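Engineer: For reference, this is data.cif, and it has mmCIF, C-alpha atoms.
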```cif
data_my_file
loop_
_atom_site.group_PDB
_atom_site.id
_atom_site.type_symbol
_atom_site.label_atom_id
_atom_site.label_comp_id
_atom_site.auth_asym_id
_atom_site.auth_seq_id
_atom_site.Cartn_x
_atom_site.Cartn_y
_atom_site.Cartn_z
ATOM 1 C CA MET A 15 -22.896 13.192 -4.605
ATOM 2 C CA ASP A 16 -20.127 15.751 -4.812
ATOM 3 C CA ARG A 17 -16.843 14.275 -6.076
ATOM 4 C CA THR A 18 -15.117 15.331 -2.850
ATOM 5 C CA THR A 19 -17.061 14.063 0.159
ATOM 6 C CA PRO A 20 -15.859 14.637 3.729
ATOM 7 C CA ALA A 21 -17.133 11.835 5.961
ATOM 8 C CA SER A 22 -18.178 13.409 9.252
ATOM 9 C CA ALA A 23 -16.882 12.030 12.523
ATOM 10 C CA ALA A 24 -20.433 12.449 13.781
ATOM 11 C CA MET A 25 -21.319 9.358 11.753
ATOM 12 C CA SER A 26 -19.094 7.370 14.191
ATOM 13 C CA ALA A 27 -20.080 3.703 14.033
ATOM 14 C CA ILE A 28 -23.754 4.413 13.284
ATOM 15 C CA GLY A 29 -24.617 3.299 9.786
ATOM 16 C CA ARG A 30 -21.069 2.364 8.908
ATOM 17 C CA ARG A 31 -20.368 -0.782 6.947
ATOM 18 C CA GLY A 32 -18.129 -3.474 8.363
ATOM 19 C CA LEU A 33 -15.956 -6.103 6.744
ATOM 20 C CA PHE A 34 -17.487 -9.095 5.012
ATOM 21 C CA PRO A 35 -17.210 -12.484 6.787
ATOM 22 C CA GLU A 36 -14.004 -14.496 6.774
ATOM 23 C CA VAL A 37 -13.415 -16.353 3.528
ATOM 24 C CA GLU A 38 -10.891 -18.987 2.509
ATOM 25 C CA PRO A 39 -9.088 -19.077 -0.845
ATOM 26 C CA PHE A 40 -10.446 -21.423 -3.508
ATOM 27 C CA ASP A 41 -7.044 -21.420 -5.236
ATOM 28 C CA SER A 42 -3.466 -20.603 -4.234
ATOM 29 C CA GLY A 43 0.095 -21.278 -5.328
ATOM 30 C CA TRP A 44 3.371 -19.792 -6.508
ATOM 31 C CA LEU A 45 4.145 -18.280 -9.883
ATOM 32 C CA SER A 46 7.684 -18.021 -11.237
ATOM 33 C CA VAL A 47 8.266 -14.488 -12.522
ATOM 34 C CA GLY A 48 11.819 -14.817 -13.788
ATOM 35 C CA GLY A 49 15.190 -14.902 -12.115
ATOM 36 C CA LYS A 50 15.044 -16.229 -8.578
ATOM 37 C CA HIS A 51 11.598 -14.862 -7.768
ATOM 38 C CA GLU A 52 8.411 -16.836 -7.199
ATOM 39 C CA ILE A 53 5.372 -14.932 -6.002
ATOM 40 C CA TYR A 54 2.667 -16.406 -3.803
ATOM 41 C CA TYR A 55 -0.930 -15.761 -4.871
ATOM 42 C CA GLU A 56 -4.412 -16.746 -3.766
ATOM 43 C CA GLU A 57 -7.934 -16.310 -5.107
ATOM 44 C CA CYS A 58 -11.009 -15.771 -2.948
ATOM 45 C CA GLY A 59 -14.720 -15.234 -3.408
ATOM 46 C CA SER A 60 -16.591 -16.605 -6.416
ATOM 47 C CA PRO A 61 -14.761 -18.091 -9.424
ATOM 48 C CA LEU A 62 -17.505 -16.492 -11.556
ATOM 49 C CA GLY A 63 -17.377 -13.130 -9.819
ATOM 50 C CA LYS A 64 -16.157 -9.751 -11.024
ATOM 51 C CA PRO A 65 -12.329 -9.828 -11.068
ATOM 52 C CA ALA A 66 -10.200 -7.677 -8.783
ATOM 53 C CA VAL A 67 -6.554 -7.653 -7.743
ATOM 54 C CA VAL A 68 -5.351 -6.469 -4.321
ATOM 55 C CA LEU A 69 -1.974 -4.718 -4.006
ATOM 56 C CA HIS A 70 -0.547 -4.658 -0.483
ATOM 57 C CA GLY A 71 1.469 -1.860 1.063
ATOM 58 C CA GLY A 72 5.074 -1.341 1.983
ATOM 59 C CA PRO A 73 6.895 -1.854 -0.320
ATOM 60 C CA GLY A 74 7.803 -4.935 1.636
ATOM 61 C CA GLY A 75 4.475 -5.704 3.294
ATOM 62 C CA ALA A 76 2.360 -8.786 2.655
ATOM 63 C CA ILE A 77 -1.222 -9.829 2.126
ATOM 64 C CA ASN A 78 -3.362 -10.850 5.097
ATOM 65 C CA THR A 79 -6.785 -12.368 5.666
ATOM 66 C CA THR A 80 -8.416 -8.983 6.368
ATOM 67 C CA MET A 81 -7.684 -7.814 2.824
ATOM 68 C CA ARG A 82 -10.024 -10.503 1.477
ATOM 69 C CA ARG A 83 -12.927 -9.068 3.455
ATOM 70 C CA PHE A 84 -13.393 -5.723 1.691
ATOM 71 C CA PHE A 85 -15.203 -7.573 -1.122
ATOM 72 C CA ASP A 86 -18.573 -9.348 -1.240
ATOM 73 C CA PRO A 87 -17.407 -12.959 -1.647
ATOM 74 C CA ALA A 88 -20.558 -13.921 -3.533
ATOM 75 C CA ARG A 89 -19.973 -11.312 -6.250
ATOM 76 C CA TRP A 90 -16.226 -10.736 -6.531
ATOM 77 C CA ARG A 91 -13.362 -12.934 -7.713
ATOM 78 C CA VAL A 92 -10.421 -11.481 -5.774
ATOM 79 C CA LEU A 93 -6.775 -12.219 -6.482
ATOM 80 C CA LEU A 94 -4.228 -11.305 -3.795
ATOM 81 C CA PHE A 95 -0.476 -11.828 -3.980
ATOM 82 C CA ASP A 96 2.698 -11.205 -2.024
ATOM 83 C CA GLN A 97 4.963 -8.951 -4.052
ATOM 84 C CA ARG A 98 8.520 -10.032 -4.825
ATOM 85 C CA ALA A 99 10.419 -11.198 -1.717
ATOM 86 C CA CYS A 100 7.452 -10.366 0.564
ATOM 87 C CA GLY A 101 5.303 -12.603 2.754
ATOM 88 C CA LYS A 102 5.257 -16.147 1.357
ATOM 89 C CA SER A 103 6.979 -15.173 -1.884
ATOM 90 C CA ARG A 104 10.446 -16.571 -2.473
ATOM 91 C CA PRO A 105 13.287 -15.788 -1.795
ATOM 92 C CA ASN A 106 12.359 -13.717 1.244
ATOM 93 C CA ALA A 107 13.704 -10.161 1.625
ATOM 94 C CA SER A 108 15.669 -10.279 -1.636
ATOM 95 C CA LEU A 109 16.464 -6.949 -3.299
ATOM 96 C CA GLU A 110 17.735 -8.529 -6.519
ATOM 97 C CA ASP A 111 15.594 -7.738 -9.585
ATOM 98 C CA ASN A 112 13.097 -6.031 -7.298
ATOM 99 C CA THR A 113 11.759 -2.831 -8.871
ATOM 100 C CA THR A 114 8.420 -1.147 -9.525
ATOM 101 C CA TRP A 115 8.598 -2.164 -13.177
ATOM 102 C CA GLY A 116 9.155 -5.797 -12.258
ATOM 103 C CA LEU A 117 6.113 -5.709 -9.975
ATOM 104 C CA ILE A 118 3.979 -4.189 -12.744
ATOM 105 C CA GLU A 119 4.973 -7.040 -15.030
ATOM 106 C CA ASP A 120 4.128 -9.520 -12.254
ATOM 107 C CA ILE A 121 0.594 -8.109 -12.112
ATOM 108 C CA GLU A 122 0.310 -8.648 -15.855
ATOM 109 C CA ARG A 123 1.662 -12.191 -15.562
ATOM 110 C CA LEU A 124 -0.979 -12.972 -12.959
ATOM 111 C CA ARG A 125 -3.727 -11.376 -15.032
ATOM 112 C CA ARG A 126 -2.838 -13.440 -18.088
ATOM 113 C CA ARG A 127 -2.423 -16.627 -16.057
ATOM 114 C CA GLN A 128 -5.856 -16.242 -14.509
ATOM 115 C CA GLY A 129 -7.483 -15.408 -17.844
ATOM 116 C CA VAL A 130 -8.682 -11.938 -16.819
ATOM 117 C CA GLU A 131 -9.325 -9.307 -19.501
ATOM 118 C CA LYS A 132 -9.866 -6.285 -17.222
ATOM 119 C CA TRP A 133 -10.100 -5.944 -13.483
ATOM 120 C CA THR A 134 -10.581 -3.597 -10.572
ATOM 121 C CA VAL A 135 -7.285 -2.708 -8.908
ATOM 122 C CA PHE A 136 -7.453 -2.183 -5.126
ATOM 123 C CA GLY A 137 -4.498 -0.818 -3.166
ATOM 124 C CA GLY A 138 -3.555 1.235 -0.137
ATOM 125 C CA SER A 139 -0.437 3.203 0.769
ATOM 126 C CA TRP A 140 2.377 1.787 -1.424
ATOM 127 C CA GLY A 141 -0.383 -0.376 -2.923
ATOM 128 C CA SER A 142 -1.960 2.833 -4.235
ATOM 129 C CA THR A 143 1.393 3.856 -5.767
ATOM 130 C CA LEU A 144 1.741 0.521 -7.518
ATOM 131 C CA ALA A 145 -1.917 0.559 -8.610
ATOM 132 C CA LEU A 146 -1.506 3.989 -10.177
ATOM 133 C CA ALA A 147 1.769 3.075 -11.877
ATOM 134 C CA TYR A 148 0.173 -0.115 -13.244
ATOM 135 C CA ALA A 149 -2.841 1.843 -14.508
ATOM 136 C CA VAL A 150 -0.584 4.394 -16.240
ATOM 137 C CA CYS A 151 1.264 1.557 -17.991
ATOM 138 C CA HIS A 152 -1.779 -0.632 -18.737
ATOM 139 C CA PRO A 153 -4.922 1.546 -18.678
ATOM 140 C CA GLU A 154 -6.717 -0.846 -21.041
ATOM 141 C CA ARG A 155 -6.573 -3.547 -18.345
ATOM 142 C CA VAL A 156 -8.053 -1.469 -15.517
ATOM 143 C CA GLU A 157 -11.827 -1.295 -15.145
ATOM 144 C CA SER A 158 -11.628 0.791 -11.972
ATOM 145 C CA LEU A 159 -9.243 1.819 -9.189
ATOM 146 C CA ILE A 160 -10.019 1.779 -5.464
ATOM 147 C CA LEU A 161 -7.272 3.543 -3.510
ATOM 148 C CA ARG A 162 -6.654 4.228 0.165
ATOM 149 C CA GLY A 163 -3.980 6.374 1.826
ATOM 150 C CA VAL A 164 -2.632 7.727 -1.445
ATOM 151 C CA PHE A 165 1.150 7.762 -1.758
ATOM 152 C CA LEU A 166 2.726 9.245 -4.904
ATOM 153 C CA LEU A 167 6.282 8.457 -3.775
ATOM 154 C CA THR A 168 7.601 11.968 -4.296
ATOM 155 C CA GLU A 169 10.657 13.515 -2.699
ATOM 156 C CA ARG A 170 8.351 15.776 -0.677
ATOM 157 C CA GLU A 171 6.479 12.802 0.820
ATOM 158 C CA LEU A 172 9.658 10.895 1.629
ATOM 159 C CA ARG A 173 11.200 13.899 3.365
ATOM 160 C CA TRP A 174 8.004 14.449 5.356
ATOM 161 C CA PHE A 175 7.981 10.959 6.843
ATOM 162 C CA TYR A 176 11.644 10.023 6.969
ATOM 163 C CA GLN A 177 13.440 13.318 7.490
ATOM 164 C CA ASP A 178 11.505 16.330 8.712
ATOM 165 C CA GLY A 179 7.775 16.637 9.258
ATOM 166 C CA ALA A 180 6.133 13.669 10.961
ATOM 167 C CA SER A 181 8.999 13.863 13.476
ATOM 168 C CA MET A 182 7.451 17.060 14.873
ATOM 169 C CA ILE A 183 4.147 15.294 15.569
ATOM 170 C CA PHE A 184 5.717 12.131 16.997
ATOM 171 C CA PRO A 185 8.978 13.281 18.650
ATOM 172 C CA ASP A 186 8.939 10.331 21.054
ATOM 173 C CA ALA A 187 8.607 7.765 18.268
ATOM 174 C CA TRP A 188 11.127 9.703 16.153
ATOM 175 C CA GLU A 189 13.674 9.504 18.941
ATOM 176 C CA ARG A 190 13.395 5.718 18.853
ATOM 177 C CA PHE A 191 13.663 5.759 15.046
ATOM 178 C CA ALA A 192 16.783 7.929 15.111
ATOM 179 C CA ALA A 193 18.503 5.957 17.889
ATOM 180 C CA PRO A 194 20.383 3.445 15.661
ATOM 181 C CA ILE A 195 21.788 6.267 13.512
ATOM 182 C CA PRO A 196 24.754 8.378 14.716
ATOM 183 C CA PRO A 197 23.964 12.133 14.777
ATOM 184 C CA ALA A 198 26.471 12.815 11.994
ATOM 185 C CA GLU A 199 24.429 10.623 9.593
ATOM 186 C CA ARG A 200 20.958 11.896 10.451
ATOM 187 C CA GLY A 201 20.873 14.413 7.601
ATOM 188 C CA ASP A 202 19.975 11.494 5.307
ATOM 189 C CA MET A 203 17.966 8.981 7.292
ATOM 190 C CA ILE A 204 16.972 6.861 4.286
ATOM 191 C CA GLY A 205 20.604 6.615 3.199
ATOM 192 C CA ALA A 206 21.800 5.820 6.712
ATOM 193 C CA TYR A 207 19.192 3.106 7.152
ATOM 194 C CA HIS A 208 19.901 1.664 3.707
ATOM 195 C CA ALA A 209 23.560 1.194 4.678
ATOM 196 C CA ARG A 210 22.507 -0.808 7.742
ATOM 197 C CA LEU A 211 19.665 -2.756 6.131
ATOM 198 C CA THR A 212 22.056 -4.000 3.424
ATOM 199 C CA HIS A 213 24.934 -4.635 5.862
ATOM 200 C CA PRO A 214 26.392 -8.161 5.728
ATOM 201 C CA ASP A 215 25.959 -8.577 9.504
ATOM 202 C CA PRO A 216 22.402 -9.861 10.122
ATOM 203 C CA ARG A 217 22.446 -8.421 13.653
ATOM 204 C CA ILE A 218 22.944 -4.905 12.277
ATOM 205 C CA GLN A 219 20.177 -5.521 9.745
ATOM 206 C CA ALA A 220 17.803 -6.783 12.440
ATOM 207 C CA ARG A 221 18.340 -3.813 14.751
ATOM 208 C CA ALA A 222 17.785 -1.316 11.949
ATOM 209 C CA ALA A 223 14.756 -3.237 10.671
ATOM 210 C CA ALA A 224 13.129 -3.262 14.109
ATOM 211 C CA ALA A 225 13.499 0.528 14.477
ATOM 212 C CA TRP A 226 12.363 1.240 10.899
ATOM 213 C CA SER A 227 9.268 -0.953 11.261
ATOM 214 C CA GLN A 228 8.401 0.413 14.710
ATOM 215 C CA TRP A 229 8.432 3.995 13.364
ATOM 216 C CA GLU A 230 5.775 3.135 10.808
ATOM 217 C CA GLY A 231 3.841 1.041 13.294
ATOM 218 C CA ASP A 232 3.808 3.873 15.861
ATOM 219 C CA THR A 233 2.361 6.369 13.370
ATOM 220 C CA ILE A 234 0.015 4.230 11.309
ATOM 221 C CA SER A 235 -3.239 4.639 13.219
ATOM 222 C CA LEU A 236 -5.206 7.427 14.866
ATOM 223 C CA ARG A 237 -5.975 4.886 17.587
ATOM 224 C CA GLY A 238 -2.355 4.894 18.746
ATOM 225 C CA PRO A 239 0.467 2.328 18.982
ATOM 226 C CA GLU A 240 -1.865 -0.315 20.401
ATOM 227 C CA ALA A 241 -3.388 -0.532 16.911
ATOM 228 C CA ARG A 242 -0.008 -1.384 15.378
ATOM 229 C CA PRO A 243 -0.258 -4.692 13.473
ATOM 230 C CA ALA A 244 1.404 -7.524 15.398
ATOM 231 C CA LYS A 245 3.469 -8.453 12.337
ATOM 232 C CA PHE A 246 5.612 -5.333 12.842
ATOM 233 C CA ASN A 247 7.020 -7.028 15.942
ATOM 234 C CA GLU A 248 8.079 -10.189 14.066
ATOM 235 C CA THR A 249 11.771 -10.162 13.146
ATOM 236 C CA ASP A 250 11.428 -11.931 9.774
ATOM 237 C CA PHE A 251 8.626 -9.620 8.679
ATOM 238 C CA ALA A 252 10.424 -6.522 9.936
ATOM 239 C CA VAL A 253 13.636 -7.363 8.062
ATOM 240 C CA ALA A 254 11.858 -8.009 4.751
ATOM 241 C CA PHE A 255 9.595 -4.989 5.202
ATOM 242 C CA ALA A 256 12.370 -2.556 6.106
ATOM 243 C CA ARG A 257 14.930 -3.820 3.564
ATOM 244 C CA ILE A 258 12.529 -3.741 0.624
ATOM 245 C CA GLU A 259 10.874 -0.469 1.608
ATOM 246 C CA CYS A 260 14.196 1.318 2.074
ATOM 247 C CA HIS A 261 15.486 -0.203 -1.201
ATOM 248 C CA PHE A 262 12.537 1.266 -3.109
ATOM 249 C CA PHE A 263 12.756 4.610 -1.347
ATOM 250 C CA ILE A 264 16.483 5.171 -1.812
ATOM 251 C CA ASN A 265 15.808 4.519 -5.510
ATOM 252 C CA ARG A 266 12.806 6.894 -5.403
ATOM 253 C CA GLY A 267 10.447 4.174 -6.561
ATOM 254 C CA PHE A 268 12.565 3.607 -9.674
ATOM 255 C CA PHE A 269 10.510 6.327 -11.370
ATOM 256 C CA PRO A 270 12.281 8.275 -14.132
ATOM 257 C CA GLU A 271 11.504 11.628 -12.480
ATOM 258 C CA ASP A 272 10.038 13.072 -9.306
ATOM 259 C CA GLY A 273 6.243 13.384 -9.533
ATOM 260 C CA TRP A 274 6.034 10.838 -12.362
ATOM 261 C CA ILE A 275 2.564 9.578 -11.406
ATOM 262 C CA LEU A 276 0.870 12.986 -11.427
ATOM 263 C CA LYS A 277 2.686 13.948 -14.619
ATOM 264 C CA ASN A 278 1.128 10.904 -16.280
ATOM 265 C CA ALA A 279 -2.338 11.219 -14.702
ATOM 266 C CA ALA A 280 -3.922 12.007 -18.078
ATOM 267 C CA LYS A 281 -3.455 8.333 -18.986
ATOM 268 C CA ILE A 282 -5.923 7.287 -16.253
ATOM 269 C CA SER A 283 -8.278 10.261 -16.559
ATOM 270 C CA ASN A 284 -11.183 8.170 -17.884
ATOM 271 C CA ILE A 285 -10.835 5.258 -15.479
ATOM 272 C CA PRO A 286 -13.528 5.279 -12.765
ATOM 273 C CA GLY A 287 -12.094 5.381 -9.277
ATOM 274 C CA TRP A 288 -12.491 5.893 -5.557
ATOM 275 C CA ILE A 289 -9.983 7.675 -3.308
ATOM 276 C CA VAL A 290 -10.371 7.105 0.447
ATOM 277 C CA GLN A 291 -8.145 9.204 2.696
ATOM 278 C CA GLY A 292 -7.886 9.629 6.457
ATOM 279 C CA ARG A 293 -7.848 13.311 7.451
ATOM 280 C CA PHE A 294 -5.186 12.628 10.094
ATOM 281 C CA ASP A 295 -3.031 10.289 8.034
ATOM 282 C CA VAL A 296 0.543 11.083 9.095
ATOM 283 C CA VAL A 297 2.231 8.367 7.001
ATOM 284 C CA THR A 298 0.788 9.544 3.679
ATOM 285 C CA PRO A 299 -0.685 13.015 4.306
ATOM 286 C CA LEU A 300 -3.820 14.273 2.585
ATOM 287 C CA GLU A 301 -1.951 16.547 0.170
ATOM 288 C CA ALA A 302 -1.089 13.683 -2.197
ATOM 289 C CA ALA A 303 -4.684 12.430 -2.399
ATOM 290 C CA TRP A 304 -5.908 15.993 -2.886
ATOM 291 C CA SER A 305 -3.487 16.575 -5.766
ATOM 292 C CA LEU A 306 -4.438 13.258 -7.355
ATOM 293 C CA SER A 307 -8.148 14.077 -7.151
ATOM 294 C CA LYS A 308 -7.526 17.342 -9.021
ATOM 295 C CA ALA A 309 -5.681 15.506 -11.791
ATOM 296 C CA TRP A 310 -8.184 12.623 -12.000
ATOM 297 C CA PRO A 311 -11.731 13.984 -12.366
ATOM 298 C CA ALA A 312 -13.255 10.523 -12.825
ATOM 299 C CA ALA A 313 -12.453 9.601 -9.218
ATOM 300 C CA ARG A 314 -14.732 10.030 -6.219
ATOM 301 C CA PHE A 315 -12.776 11.465 -3.302
ATOM 302 C CA GLU A 316 -13.808 10.815 0.290
ATOM 303 C CA VAL A 317 -12.008 12.229 3.325
ATOM 304 C CA ILE A 318 -12.555 10.313 6.564
ATOM 305 C CA TRP A 319 -12.395 12.844 9.383
ATOM 306 C CA ASP A 320 -11.785 10.427 12.230
ATOM 307 C CA ALA A 321 -9.096 8.257 10.659
ATOM 308 C CA GLY A 322 -5.361 8.030 10.123
ATOM 309 C CA HIS A 323 -3.514 5.725 7.737
ATOM 310 C CA ALA A 324 -4.546 2.211 8.736
ATOM 311 C CA SER A 325 -6.989 0.327 6.528
ATOM 312 C CA THR A 326 -8.615 -1.197 9.629
ATOM 313 C CA GLU A 327 -9.965 2.054 11.069
ATOM 314 C CA PRO A 328 -13.785 1.958 11.073
ATOM 315 C CA GLY A 329 -14.324 4.914 8.746
ATOM 316 C CA ILE A 330 -11.801 3.594 6.245
ATOM 317 C CA ILE A 331 -13.398 0.134 6.255
ATOM 318 C CA ASP A 332 -16.824 1.662 5.675
ATOM 319 C CA ALA A 333 -15.688 3.761 2.713
ATOM 320 C CA LEU A 334 -13.745 0.933 1.069
ATOM 321 C CA VAL A 335 -16.585 -1.561 1.418
ATOM 322 C CA ARG A 336 -19.011 0.959 -0.079
ATOM 323 C CA ALA A 337 -16.538 1.510 -2.920
ATOM 324 C CA THR A 338 -16.249 -2.184 -3.761
ATOM 325 C CA ASP A 339 -20.047 -2.480 -3.748
ATOM 326 C CA GLN A 340 -20.382 0.548 -6.055
ATOM 327 C CA ALA A 341 -17.714 -0.811 -8.397
ATOM 328 C CA LEU A 342 -19.868 -3.894 -9.015
ATOM 329 C CA ALA A 343 -22.213 -1.728 -11.061
ATOM 330 C CA LEU A 344 -19.576 -0.806 -13.649
#
```
Any chance you could give the structure as structure tokens?

Structural biologist:
Amino acid sequence: MDRTTPASAAMSAIGRRGLFPEVEPFDSGWLSVGGKHEIYYEECGSPLGKPAVVLHGGPGGAINTTMRRFFDPARWRVLLFDQRACGKSRPNASLEDNTTWGLIEDIERLRRRQGVEKWTVFGGSWGSTLALAYAVCHPERVESLILRGVFLLTERELRWFYQDGASMIFPDAWERFAAPIPPAERGDMIGAYHARLTHPDPRIQARAAAAWSQWEGDTISLRGPEARPAKFNETDFAVAFARIECHFFINRGFFPEDGWILKNAAKISNIPGWIVQGRFDVVTPLEAAWSLSKAWPAARFEVIWDAGHASTEPGIIDALVRATDQALAL
């Protein structure tokens, strides 16, 4: 197979793989990671299976039951966790001591606690950013990488989605996103939202969080707003999601320089990997995945021609399930 494989829309649902059946965790709990933070984790599948860790998106998202189902539960041992201040982790929505480097150390804490030597790292969107950053820092602990909707957290990507780019494709949704921000402040939407999402008045935070979360929800899927995850409409989720995401973005991922991941791609060059990218992904456009594939020759790159950003689109599910099956052979 060629390293870059476009998946034809003509395949539609015929021959495509679906998710594995529902599975319940065999272990779960909270792990103190220093300071005020405790992260929630769970393990699914077989205790004797091949180890993998799942990194959710955002920053500010949370794990969900669907994420368990990309892996054959009879052959994988899958660890999932809510990143700092996300989901069931405590305290909720906290920005204190919440950086990329802290999250990377949390992954290592979990790996050591669970007695794992090396594992497959699975992540989409921001989860792909965190997976790549973790692999750059700890390549000896990564057996393989399975990435979806690649996001390198560059200035170019942030401007595309939060300033000028996606707004031209979704002017109706952009109008709703811009509504809480006075025209005089719209030259820096991330900065304007950050001021409101960190405002001491919870009502101001909630309004900004609802608009921020709706913008992502409206653009996430090729199937339209009806495919937006219900959690985006929940106030508690929206506040944590928007606050943490904006916190990471105004700090440019806490990376020392723009383009840090690609500049360090040589450190992951020998790690086997899979890159799955929707052709019509507006949230994290194809350019980032394309650039990563050029810098990482060990990765298989598959473009799904009838998909956007969401992990639940049929072509994305198919490619990710095939990837986890193929990774079992390593």

Engineer: Please produce, as a Markdown table, a per-residue contact table for region 40-152 of chain A versus region 312-327 of chain A (criterion: any atom at most 9 Å away, all atoms listed in the file considered), showing the nearest atom pair and its distance in Å to one decimal, sorted by chain then residue number.

Structural biologist:
```
| residue | atom | partner | partner_atom | distance |
| --- | --- | --- | --- | --- |
| A:Thr80 | CA | A:Thr326 | CA | 8.4 |
| A:Met81 | CA | A:Ser325 | CA | 9.0 |
| A:Gly138 | CA | A:Ser325 | CA | 7.6 |
| A:Ser139 | CA | A:His323 | CA | 8.0 |
```

Engineer: Can you pull out the residues contacting region 148-151 of chain A? Cut-off 7 Å, using only C-alpha atoms, and skip same-chain residues under 4 positions away; I want them as a list in words.

Structural biologist: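 Returned residues: Ile118, Leu144, Val156, Asn278, Lys281 and Ile282 of chain A.
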
Engineer: Calculated over only C-alpha atoms, which of the candidates A:Gly141, A:Ala254, A:Ile195, A:Tyr176 has the smallest distance to Ser103 (chain A)?

Structural biologist: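 Closest candidate: A:Ala254.
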
Engineer: Can you check which parts of region 180-272 of chain A lie within 6 Å of region 63-76 of chain A? Per residue, the shortest pair of atoms and distance in Å to one decimal, counting only C-alpha atoms, sorted by chain and number, as a Markdown table.

Structural biologist:
```
| residue | atom | partner | partner_atom | distance |
| --- | --- | --- | --- | --- |
| A:Ala254 | CA | A:Gly74 | CA | 6.0 |
| A:Phe255 | CA | A:Gly74 | CA | 4.0 |
| A:Ile258 | CA | A:Gly74 | CA | 5.0 |
| A:Glu259 | CA | A:Pro73 | CA | 4.6 |
```

Engineer: Using the chain letters and numbering of this document, enumerate as a PDB file with C-alpha atoms, in the coordinates of the input the residues selected by the PyMOL selection byres ((chain A and resi 333-335) around 12).

Structural biologist:
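Full text of selection_22.pdb as output:
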```pdb
ATOM      1  CA  THR A  19     -17.061  14.063   0.159  1.00  0.00           C
ATOM      2  CA  PRO A  20     -15.859  14.637   3.729  1.00  0.00           C
ATOM      3  CA  ALA A  21     -17.133  11.835   5.961  1.00  0.00           C
ATOM      4  CA  SER A  22     -18.178  13.409   9.252  1.00  0.00           C
ATOM      5  CA  GLY A  29     -24.617   3.299   9.786  1.00  0.00           C
ATOM      6  CA  ARG A  30     -21.069   2.364   8.908  1.00  0.00           C
ATOM      7  CA  ARG A  31     -20.368  -0.782   6.947  1.00  0.00           C
ATOM      8  CA  GLY A  32     -18.129  -3.474   8.363  1.00  0.00           C
ATOM      9  CA  LEU A  33     -15.956  -6.103   6.744  1.00  0.00           C
ATOM     10  CA  PHE A  34     -17.487  -9.095   5.012  1.00  0.00           C
ATOM     11  CA  MET A  81      -7.684  -7.814   2.824  1.00  0.00           C
ATOM     12  CA  ARG A  82     -10.024 -10.503   1.477  1.00  0.00           C
ATOM     13  CA  ARG A  83     -12.927  -9.068   3.455  1.00  0.00           C
ATOM     14  CA  PHE A  84     -13.393  -5.723   1.691  1.00  0.00           C
ATOM     15  CA  PHE A  85     -15.203  -7.573  -1.122  1.00  0.00           C
ATOM     16  CA  ASP A  86     -18.573  -9.348  -1.240  1.00  0.00           C
ATOM     17  CA  PRO A  87     -17.407 -12.959  -1.647  1.00  0.00           C
ATOM     18  CA  PHE A 136      -7.453  -2.183  -5.126  1.00  0.00           C
ATOM     19  CA  GLY A 137      -4.498  -0.818  -3.166  1.00  0.00           C
ATOM     20  CA  GLY A 138      -3.555   1.235  -0.137  1.00  0.00           C
ATOM     21  CA  LEU A 159      -9.243   1.819  -9.189  1.00  0.00           C
ATOM     22  CA  ILE A 160     -10.019   1.779  -5.464  1.00  0.00           C
ATOM     23  CA  LEU A 161      -7.272   3.543  -3.510  1.00  0.00           C
ATOM     24  CA  ARG A 162      -6.654   4.228   0.165  1.00  0.00           C
ATOM     25  CA  GLY A 163      -3.980   6.374   1.826  1.00  0.00           C
ATOM     26  CA  GLY A 287     -12.094   5.381  -9.277  1.00  0.00           C
ATOM     27  CA  TRP A 288     -12.491   5.893  -5.557  1.00  0.00           C
ATOM     28  CA  ILE A 289      -9.983   7.675  -3.308  1.00  0.00           C
ATOM     29  CA  VAL A 290     -10.371   7.105   0.447  1.00  0.00           C
ATOM     30  CA  GLN A 291      -8.145   9.204   2.696  1.00  0.00           C
ATOM     31  CA  GLY A 292      -7.886   9.629   6.457  1.00  0.00           C
ATOM     32  CA  ARG A 314     -14.732  10.030  -6.219  1.00  0.00           C
ATOM     33  CA  PHE A 315     -12.776  11.465  -3.302  1.00  0.00           C
ATOM     34  CA  GLU A 316     -13.808  10.815   0.290  1.00  0.00           C
ATOM     35  CA  VAL A 317     -12.008  12.229   3.325  1.00  0.00           C
ATOM     36  CA  ILE A 318     -12.555  10.313   6.564  1.00  0.00           C
ATOM     37  CA  TRP A 319     -12.395  12.844   9.383  1.00  0.00           C
ATOM     38  CA  ALA A 321      -9.096   8.257  10.659  1.00  0.00           C
ATOM     39  CA  SER A 325      -6.989   0.327   6.528  1.00  0.00           C
ATOM     40  CA  THR A 326      -8.615  -1.197   9.629  1.00  0.00           C
ATOM     41  CA  GLU A 327      -9.965   2.054  11.069  1.00  0.00           C
ATOM     42  CA  PRO A 328     -13.785   1.958  11.073  1.00  0.00           C
ATOM     43  CA  GLY A 329     -14.324   4.914   8.746  1.00  0.00           C
ATOM     44  CA  ILE A 330     -11.801   3.594   6.245  1.00  0.00           C
ATOM     45  CA  ILE A 331     -13.398   0.134   6.255  1.00  0.00           C
ATOM     46  CA  ASP A 332     -16.824   1.662   5.675  1.00  0.00           C
ATOM     47  CA  ARG A 336     -19.011   0.959  -0.079  1.00  0.00           C
ATOM     48  CA  ALA A 337     -16.538   1.510  -2.920  1.00  0.00           C
ATOM     49  CA  THR A 338     -16.249  -2.184  -3.761  1.00  0.00           C
ATOM     50  CA  ASP A 339     -20.047  -2.480  -3.748  1.00  0.00           C
ATOM     51  CA  GLN A 340     -20.382   0.548  -6.055  1.00  0.00           C
ATOM     52  CA  ALA A 341     -17.714  -0.811  -8.397  1.00  0.00           C
ATOM     53  CA  LEU A 342     -19.868  -3.894  -9.015  1.00  0.00           C
TER      54      LEU A 342
END
```

Engineer: Give as a list in words each residue that has an atom at most 9 Å from (18.5, -3.2, 5.3) in the file, counting all atoms listed in the file.

Structural biologist: Tyr207, His208, Ala209, Arg210, Leu211, Thr212, His213, Ile218, Gln219, Ala220, Ala222, Ala223, Val253, Ala254, Ala256, Arg257, Ile258, Glu259, Cys260 and His261 of chain A
